[in-house]
Amino acid sequence: MSIDLGDQSGRTAIITGANSGLGKETAIALAAAGADVVLACRNLDKANAVAAEIGPKARVEQLDLASLESVRDFAARVDGADLLINNAGIMGVPLNRTANGFEMQFGTNHLGHFALTLLMLDKITDRVVTLSSYMHQFGKLDFDDLNWESRRYRRWRAYSDSKLANLLFGKALARRLAASGSPVTSLIAHPGYAETELQGKTETYQDKVMALGTYLISQSAADGAMPTLDAATSPQATNGSFYGPTKRFGMVGPPGPSSYKKVADDQKVQQRLWAASERLTGVTSPI
């Protein structure tokens with residue numbers, strides 16, 4: 001499966017987590033279309049291997065989304081870009097905490113990208129694409145305990161919450177950008193069920209279940225990257241839209257507009273998450 005990305009020559013894309021899976025495939029496709037790609041990664045060995053595979057269009061910059069110090073350092077060090085693709089993520093991991101004490105999935109998937117986006121926003125000229133998941137449908141943010149400090153930890157609920165936060169953030173950012181008159185747009189995408197290194201990190205029997213599901217019904221990481229690429233490059237992509245696969249209930253297939261949990265459009269919930277994210281990260285909005 002492929003889509004027409006157009007000529008991306010002269011454009012630069014920053015892609016978080018581009019050392020494997022969806023991020024790697026996104027970087028390969030954009031570079032093949034002519035773009036320069038910045039692989040913003042924690043694992044530099046893997047990132048350097050991907051950059052070598054891509055060639056002179058790629059360069060590696062260190063970024064650990066589980067550390068606000070690393071996020072701030074990256075934003076201060078790295079030049080601007082046309083595209084910021086918030087791709088990196090972790091899924092279904094045991095309870096752990098980031099360098100700043102956040103629950104690892106919420107801290108990495110949402111708060112790290114929230115801080116990165118706001119710190120980089122005045123350097124981005126075209127689009128921000130944030131990856132969510134079909135699992136956001138099972139999320140329900142507990143604003144009294146976003147970091148799972150007083151509740152019994154439930155890894156899949158925590159993951160779903162982080163992906164709902166990604167969608168809420170992408171839509172809130174779109175609304176703020178439009179209100180400010182900015183030419184930059186914010187879009188959200190999800191890969192459906194794609195074979196990536198996200199699976200197999202639960203350290204439980206669920207890893208075997210996911211391996212079977214991956215074998216039976218998943219699509220490749222390259223196909224899973226198509227919604228991201230569509231959101232990042234299509235002239236028809238609109239501010240605030242959510243893209244994903246269009247076959248088998250949004251699990252596989254060619255990219256297009258995706259259904260989503262309607263709470264993502266609730267501006268009060270968006271604002272509450274935005275305010276909590278500013279408080280937790282110490283990063284305030286430039287718009």
# chains A, B, ... in the order shown; residues from 1 in each chain; ligands from 1
$ residues_around --residues "Asn86 of chain A" --least-positions-apart "3" --cutoff "9 Å" --atoms "only C-alpha atoms" --output "list of chain:residue names"
A:Ile14, A:Ile15, A:Thr16, A:Gly17, A:Gly89, A:Asn109, A:His113, A:Leu116, A:Thr117, A:Val128, A:Val129, A:Thr130, A:Leu131
$ residues_around --residues "Gly112 of chain A" --least-positions-apart "3" --cutoff "7 Å" --atoms "only C-alpha atoms" --output "list in words"
Leu65, Ala66, Leu68, Gly107, Thr108, Asn109, Ala115 and Leu116 of chain A
$ write_last_selection --atoms "N, CA and C atoms" --output "JSON list (two decimals), in the first residue's frame"
[["chain", "number", "residue", "atom", "x", "y", "z"],
["A", 65, "LEU", "N", 11.82, 11.68, 25.85],
["A", 65, "LEU", "CA", 10.56, 12.32, 26.21],
["A", 65, "LEU", "C", 10.17, 12.07, 27.66],
["A", 66, "ALA", "N", 10.85, 11.14, 28.31],
["A", 66, "ALA", "CA", 10.59, 10.87, 29.72],
["A", 66, "ALA", "C", 11.41, 11.78, 30.63],
["A", 68, "LEU", "N", 12.03, 15.98, 31.10],
["A", 68, "LEU", "CA", 11.77, 17.34, 30.66],
["A", 68, "LEU", "C", 13.07, 18.10, 30.41],
["A", 107, "GLY", "N", 3.38, 10.33, 30.98],
["A", 107, "GLY", "CA", 4.50, 11.26, 30.93],
["A", 107, "GLY", "C", 5.22, 11.26, 29.61],
["A", 108, "THR", "N", 5.41, 10.08, 29.03],
["A", 108, "THR", "CA", 6.11, 9.97, 27.75],
["A", 108, "THR", "C", 5.21, 10.31, 26.58],
["A", 109, "ASN", "N", 4.08, 9.63, 26.51],
["A", 109, "ASN", "CA", 3.20, 9.76, 25.34],
["A", 109, "ASN", "C", 2.57, 11.15, 25.23],
["A", 115, "ALA", "N", 5.13, 19.26, 26.05],
["A", 115, "ALA", "CA", 6.22, 20.20, 26.31],
["A", 115, "ALA", "C", 7.05, 20.45, 25.05],
["A", 116, "LEU", "N", 7.37, 19.39, 24.34],
["A", 116, "LEU", "CA", 8.17, 19.53, 23.12],
["A", 116, "LEU", "C", 7.47, 20.43, 22.11]]
$ select_by_dssp --residues "segment 36-278 of chain A" --states "helix (DSSP H, G or I)" --output "VMD selection string"
chain A and resid 44 to 54 68 to 77 104 to 123 134 to 138 155 to 180 206 to 217 221 to 224 226 to 233 262 to 265 267 to 278
$ select_by_dssp --residues "segment 29-101 of chain A" --states "strand (DSSP E)" --output "list in words"
Asp36, Val37, Val38, Leu39, Ala40, Cys41, Ala58, Arg59, Val60, Glu61, Gln62, Ala81, Asp82, Leu83, Leu84, Ile85 and Asn86 of chain A
$ closest_residue --among "A:Val283, A:Ala276, A:Ile124, A:Met226" --to "Asp145 of chain A" --atoms "only C-alpha atoms"
A:Ala276
$ atom_distance --atom1 "atom CA of Ala158 of chain A" --atom2 "atom CA of Lys262 of chain A"
19.0 Å
$ atom_distance --atom1 "atom CA of Ala264 of chain A" --atom2 "atom CA of Leu167 of chain A"
6.4 Å
$ residues_around --residues "Thr228 of chain A" --least-positions-apart "6" --cutoff "12 Å" --atoms "only C-alpha atoms" --output "tab-separated table (two decimals) with N, CA and C atoms, in the first residue's frame"
chain	number	residue	atom	x	y	z
A	3	ILE	N	0.78	5.83	-0.77
A	3	ILE	CA	0.05	7.05	-1.10
A	3	ILE	C	1.03	8.02	-1.73
A	5	LEU	N	2.93	11.20	-1.73
A	5	LEU	CA	3.35	12.21	-0.77
A	5	LEU	C	3.70	13.53	-1.44
A	15	ILE	N	10.88	13.90	13.63
A	15	ILE	CA	10.05	12.74	13.95
A	15	ILE	C	10.55	12.13	15.25
A	22	LEU	N	6.74	2.65	13.43
A	22	LEU	CA	6.04	3.68	12.66
A	22	LEU	C	6.93	4.88	12.37
A	23	GLY	N	7.70	5.30	13.37
A	23	GLY	CA	8.56	6.47	13.17
A	23	GLY	C	9.63	6.22	12.13
A	24	LYS	N	10.22	5.04	12.16
A	24	LYS	CA	11.21	4.67	11.15
A	24	LYS	C	10.60	4.70	9.76
A	25	GLU	N	9.43	4.08	9.61
A	25	GLU	CA	8.79	4.02	8.29
A	25	GLU	C	8.37	5.41	7.82
A	26	THR	N	7.95	6.26	8.75
A	26	THR	CA	7.59	7.63	8.41
A	26	THR	C	8.82	8.38	7.90
A	27	ALA	N	9.93	8.22	8.58
A	27	ALA	CA	11.17	8.89	8.18
A	27	ALA	C	11.63	8.39	6.81
A	29	ALA	N	9.87	7.10	4.36
A	29	ALA	CA	8.96	7.55	3.30
A	29	ALA	C	9.15	9.03	3.00
A	30	LEU	N	9.28	9.87	4.03
A	30	LEU	CA	9.45	11.31	3.81
A	30	LEU	C	10.79	11.60	3.13
A	83	LEU	N	7.70	20.31	9.61
A	83	LEU	CA	6.82	19.33	10.25
A	83	LEU	C	7.39	18.88	11.58
A	84	LEU	N	6.53	18.77	12.58
A	84	LEU	CA	6.86	18.09	13.83
A	84	LEU	C	5.90	16.92	13.95
A	85	ILE	N	6.44	15.71	13.97
A	85	ILE	CA	5.61	14.52	14.05
A	85	ILE	C	5.85	13.86	15.40
A	86	ASN	N	4.84	13.97	16.28
A	86	ASN	CA	4.91	13.44	17.64
A	86	ASN	C	4.52	11.96	17.60
A	87	ASN	N	5.51	11.13	17.27
A	87	ASN	CA	5.25	9.72	17.00
A	87	ASN	C	5.61	8.79	18.16
A	127	ARG	N	3.08	22.05	9.90
A	127	ARG	CA	2.13	21.17	10.59
A	127	ARG	C	2.76	20.48	11.79
A	128	VAL	N	1.90	20.22	12.78
A	128	VAL	CA	2.21	19.32	13.88
A	128	VAL	C	1.28	18.12	13.75
A	129	VAL	N	1.83	16.92	13.71
A	129	VAL	CA	1.02	15.70	13.65
A	129	VAL	C	1.30	14.90	14.92
A	130	THR	N	0.26	14.62	15.68
A	130	THR	CA	0.39	13.89	16.93
A	130	THR	C	-0.29	12.53	16.80
A	131	LEU	N	0.42	11.47	17.19
A	131	LEU	CA	-0.14	10.14	17.08
A	131	LEU	C	-0.96	9.77	18.31
A	132	SER	N	-2.17	9.33	18.03
A	132	SER	CA	-3.04	8.77	19.06
A	132	SER	C	-3.16	7.27	18.78
A	133	SER	N	-4.26	6.66	19.13
A	133	SER	CA	-4.48	5.23	18.94
A	133	SER	C	-5.98	4.97	18.98
A	186	SER	N	-2.59	21.69	13.18
A	186	SER	CA	-2.40	20.53	14.05
A	186	SER	C	-3.33	19.42	13.59
A	187	LEU	N	-2.76	18.24	13.37
A	187	LEU	CA	-3.54	17.09	12.94
A	187	LEU	C	-3.18	15.90	13.82
A	188	ILE	N	-4.06	14.92	13.84
A	188	ILE	CA	-3.88	13.74	14.68
A	188	ILE	C	-4.06	12.52	13.80
A	189	ALA	N	-3.30	11.46	14.11
A	189	ALA	CA	-3.39	10.24	13.32
A	189	ALA	C	-3.27	9.02	14.23
A	190	HIS	N	-3.74	7.89	13.74
A	190	HIS	CA	-3.49	6.62	14.45
A	190	HIS	C	-3.23	5.53	13.43
A	191	PRO	N	-2.45	4.51	13.79
A	191	PRO	CA	-2.02	3.51	12.82
A	191	PRO	C	-2.91	2.30	12.68
A	192	GLY	N	-4.03	2.25	13.46
A	192	GLY	CA	-4.80	1.01	13.49
A	192	GLY	C	-4.03	-0.05	14.24
A	221	ALA	N	4.19	-2.10	9.70
A	221	ALA	CA	4.50	-0.76	10.21
A	221	ALA	C	4.47	0.26	9.08
A	222	ALA	N	4.92	-0.14	7.89
A	222	ALA	CA	4.90	0.79	6.75
A	222	ALA	C	3.47	1.20	6.41
A	234	SER	N	-0.72	15.68	2.90
A	234	SER	CA	-1.84	15.88	1.97
A	234	SER	C	-2.30	17.33	1.93
A	237	ALA	N	-5.57	17.73	3.85
A	237	ALA	CA	-5.63	17.52	5.30
A	237	ALA	C	-6.01	18.82	5.99
A	241	SER	N	-8.15	17.62	12.18
A	241	SER	CA	-8.71	16.35	11.72
A	241	SER	C	-7.93	15.16	12.27
A	242	PHE	N	-8.61	14.01	12.29
A	242	PHE	CA	-8.06	12.77	12.84
A	242	PHE	C	-8.08	11.73	11.73
A	243	TYR	N	-6.91	11.16	11.44
A	243	TYR	CA	-6.77	10.23	10.33
A	243	TYR	C	-6.35	8.85	10.83
A	244	GLY	N	-6.86	7.81	10.15
A	244	GLY	CA	-6.51	6.45	10.50
A	244	GLY	C	-6.86	5.51	9.36
A	245	PRO	N	-6.61	4.21	9.52
A	245	PRO	CA	-7.00	3.24	8.50
A	245	PRO	C	-8.52	3.21	8.34
A	254	PRO	N	-6.24	1.58	3.77
A	254	PRO	CA	-5.77	2.90	3.34
A	254	PRO	C	-6.23	4.00	4.30
A	255	PRO	N	-5.47	5.10	4.37
A	255	PRO	CA	-5.79	6.15	5.33
A	255	PRO	C	-6.96	7.01	4.91
A	256	GLY	N	-7.62	7.57	5.90
A	256	GLY	CA	-8.71	8.51	5.66
A	256	GLY	C	-9.20	9.05	6.99
A	257	PRO	N	-10.23	9.89	6.99
A	257	PRO	CA	-10.79	10.41	8.24
A	257	PRO	C	-11.22	9.27	9.16
$ closest_residue --among "A:Arg151, A:Arg97, A:Arg59, A:Lys140" --to "Val269 of chain A" --atoms "only C-alpha atoms"
A:Lys140
$ residues_around --residues "Asn147 of chain A" --least-positions-apart "3" --cutoff "12 Å" --atoms "only C-alpha atoms" --output "compact mmCIF listing (two decimals) with N, CA and C atoms, in the first residue's frame"
# COMPACT_ATOMS: atom_id res chain seq x y z
N LEU A 95 4.01 -0.42 35.93
CA LEU A 95 4.09 0.90 36.55
C LEU A 95 5.55 1.33 36.69
N ASN A 96 5.81 2.51 36.16
CA ASN A 96 7.14 3.11 36.25
C ASN A 96 6.96 4.61 36.17
N ARG A 97 7.99 5.35 36.48
CA ARG A 97 7.88 6.81 36.52
C ARG A 97 8.99 7.44 35.68
N THR A 98 8.67 8.59 35.10
CA THR A 98 9.65 9.34 34.33
C THR A 98 10.64 10.02 35.27
N ASN A 100 10.80 12.94 35.92
CA ASN A 100 10.10 14.00 36.65
C ASN A 100 8.97 13.48 37.52
N GLY A 101 8.86 12.15 37.64
CA GLY A 101 7.88 11.55 38.54
C GLY A 101 6.52 11.29 37.95
N PHE A 102 6.36 11.47 36.64
CA PHE A 102 5.07 11.21 36.00
C PHE A 102 4.91 9.72 35.72
N GLU A 103 3.67 9.24 35.73
CA GLU A 103 3.42 7.87 35.27
C GLU A 103 3.99 7.74 33.87
N MET A 104 4.71 6.66 33.60
CA MET A 104 5.56 6.59 32.42
C MET A 104 4.80 6.75 31.10
N GLN A 105 3.63 6.15 30.97
CA GLN A 105 2.92 6.24 29.69
C GLN A 105 2.33 7.64 29.48
N PHE A 106 1.70 8.18 30.50
CA PHE A 106 1.16 9.54 30.39
C PHE A 106 2.29 10.55 30.23
N GLY A 107 3.38 10.33 30.98
CA GLY A 107 4.50 11.26 30.93
C GLY A 107 5.22 11.26 29.61
N THR A 108 5.41 10.08 29.03
CA THR A 108 6.11 9.97 27.75
C THR A 108 5.21 10.31 26.58
N HIS A 110 2.13 11.69 26.36
CA HIS A 110 1.46 13.00 26.31
C HIS A 110 2.33 14.15 26.81
N LEU A 111 2.74 14.11 28.07
CA LEU A 111 3.40 15.29 28.65
C LEU A 111 4.71 15.63 27.95
N LEU A 141 -10.00 10.28 31.39
CA LEU A 141 -9.01 10.96 32.22
C LEU A 141 -9.55 11.24 33.62
N ASP A 142 -8.77 10.88 34.62
CA ASP A 142 -9.07 11.21 36.01
C ASP A 142 -8.21 12.40 36.39
N PHE A 143 -8.81 13.59 36.34
CA PHE A 143 -8.02 14.80 36.55
C PHE A 143 -7.55 14.96 37.99
N ASP A 144 -8.10 14.15 38.90
CA ASP A 144 -7.63 14.19 40.28
C ASP A 144 -6.42 13.29 40.50
N SER A 150 -2.71 7.64 43.47
CA SER A 150 -3.61 7.17 44.54
C SER A 150 -4.49 6.00 44.10
N ARG A 151 -4.52 5.69 42.79
CA ARG A 151 -5.33 4.57 42.30
C ARG A 151 -4.47 3.33 42.11
N ARG A 152 -5.14 2.15 42.10
CA ARG A 152 -4.44 0.94 41.71
C ARG A 152 -4.12 1.03 40.22
N TYR A 153 -2.88 0.81 39.88
CA TYR A 153 -2.43 1.00 38.50
C TYR A 153 -3.03 -0.03 37.57
N ARG A 154 -3.56 0.46 36.45
CA ARG A 154 -4.09 -0.40 35.39
C ARG A 154 -3.42 0.01 34.10
N ARG A 155 -2.50 -0.81 33.62
CA ARG A 155 -1.62 -0.41 32.53
C ARG A 155 -2.36 -0.06 31.24
N ARG A 157 -5.57 0.93 30.91
CA ARG A 157 -6.31 2.17 31.13
C ARG A 157 -5.34 3.35 31.06
N ALA A 158 -4.15 3.20 31.64
CA ALA A 158 -3.17 4.29 31.60
C ALA A 158 -2.74 4.57 30.17
N TYR A 159 -2.55 3.51 29.38
CA TYR A 159 -2.19 3.71 27.97
C TYR A 159 -3.32 4.41 27.23
N ASP A 161 -5.65 6.28 28.41
CA ASP A 161 -5.73 7.67 28.87
C ASP A 161 -4.70 8.54 28.15
N SER A 162 -3.48 8.02 27.99
CA SER A 162 -2.42 8.81 27.34
C SER A 162 -2.76 9.07 25.88
N ALA A 276 -3.67 21.47 33.15
CA ALA A 276 -2.96 20.49 33.97
C ALA A 276 -1.59 20.18 33.38
N SER A 277 -1.51 20.11 32.06
CA SER A 277 -0.24 19.80 31.39
C SER A 277 0.76 20.95 31.57
N LEU A 280 1.99 20.66 35.23
CA LEU A 280 2.88 19.54 35.48
C LEU A 280 4.25 19.71 34.81
$ closest_residue --among "A:Ala275, A:Val93, A:Val263, A:Leu173" --to "Phe138 of chain A" --atoms "only C-alpha atoms"
A:Val263
$ closest_residue --among "A:Leu146, A:Val184, A:Val252, A:Ala40" --to "Arg272 of chain A" --atoms "only C-alpha atoms"
A:Leu146
$ residues_around --residues "Arg176 of chain A" --least-positions-apart "5" --cutoff "10 Å" --atoms "only C-alpha atoms" --output "PyMOL selection string"
chain A and resi 171+181-182+185-186+285-287
$ closest_residue --among "A:Asn239, A:Asn48, A:Asn43, A:Thr12" --to "Asp64 of chain A" --atoms "only C-alpha atoms"
A:Asn43
$ residues_around --residues "Asn19 of chain A" --least-positions-apart "5" --cutoff "7 Å" --atoms "only C-alpha atoms" --output "PyMOL selection string"
chain A and resi 24+41+46-47+50
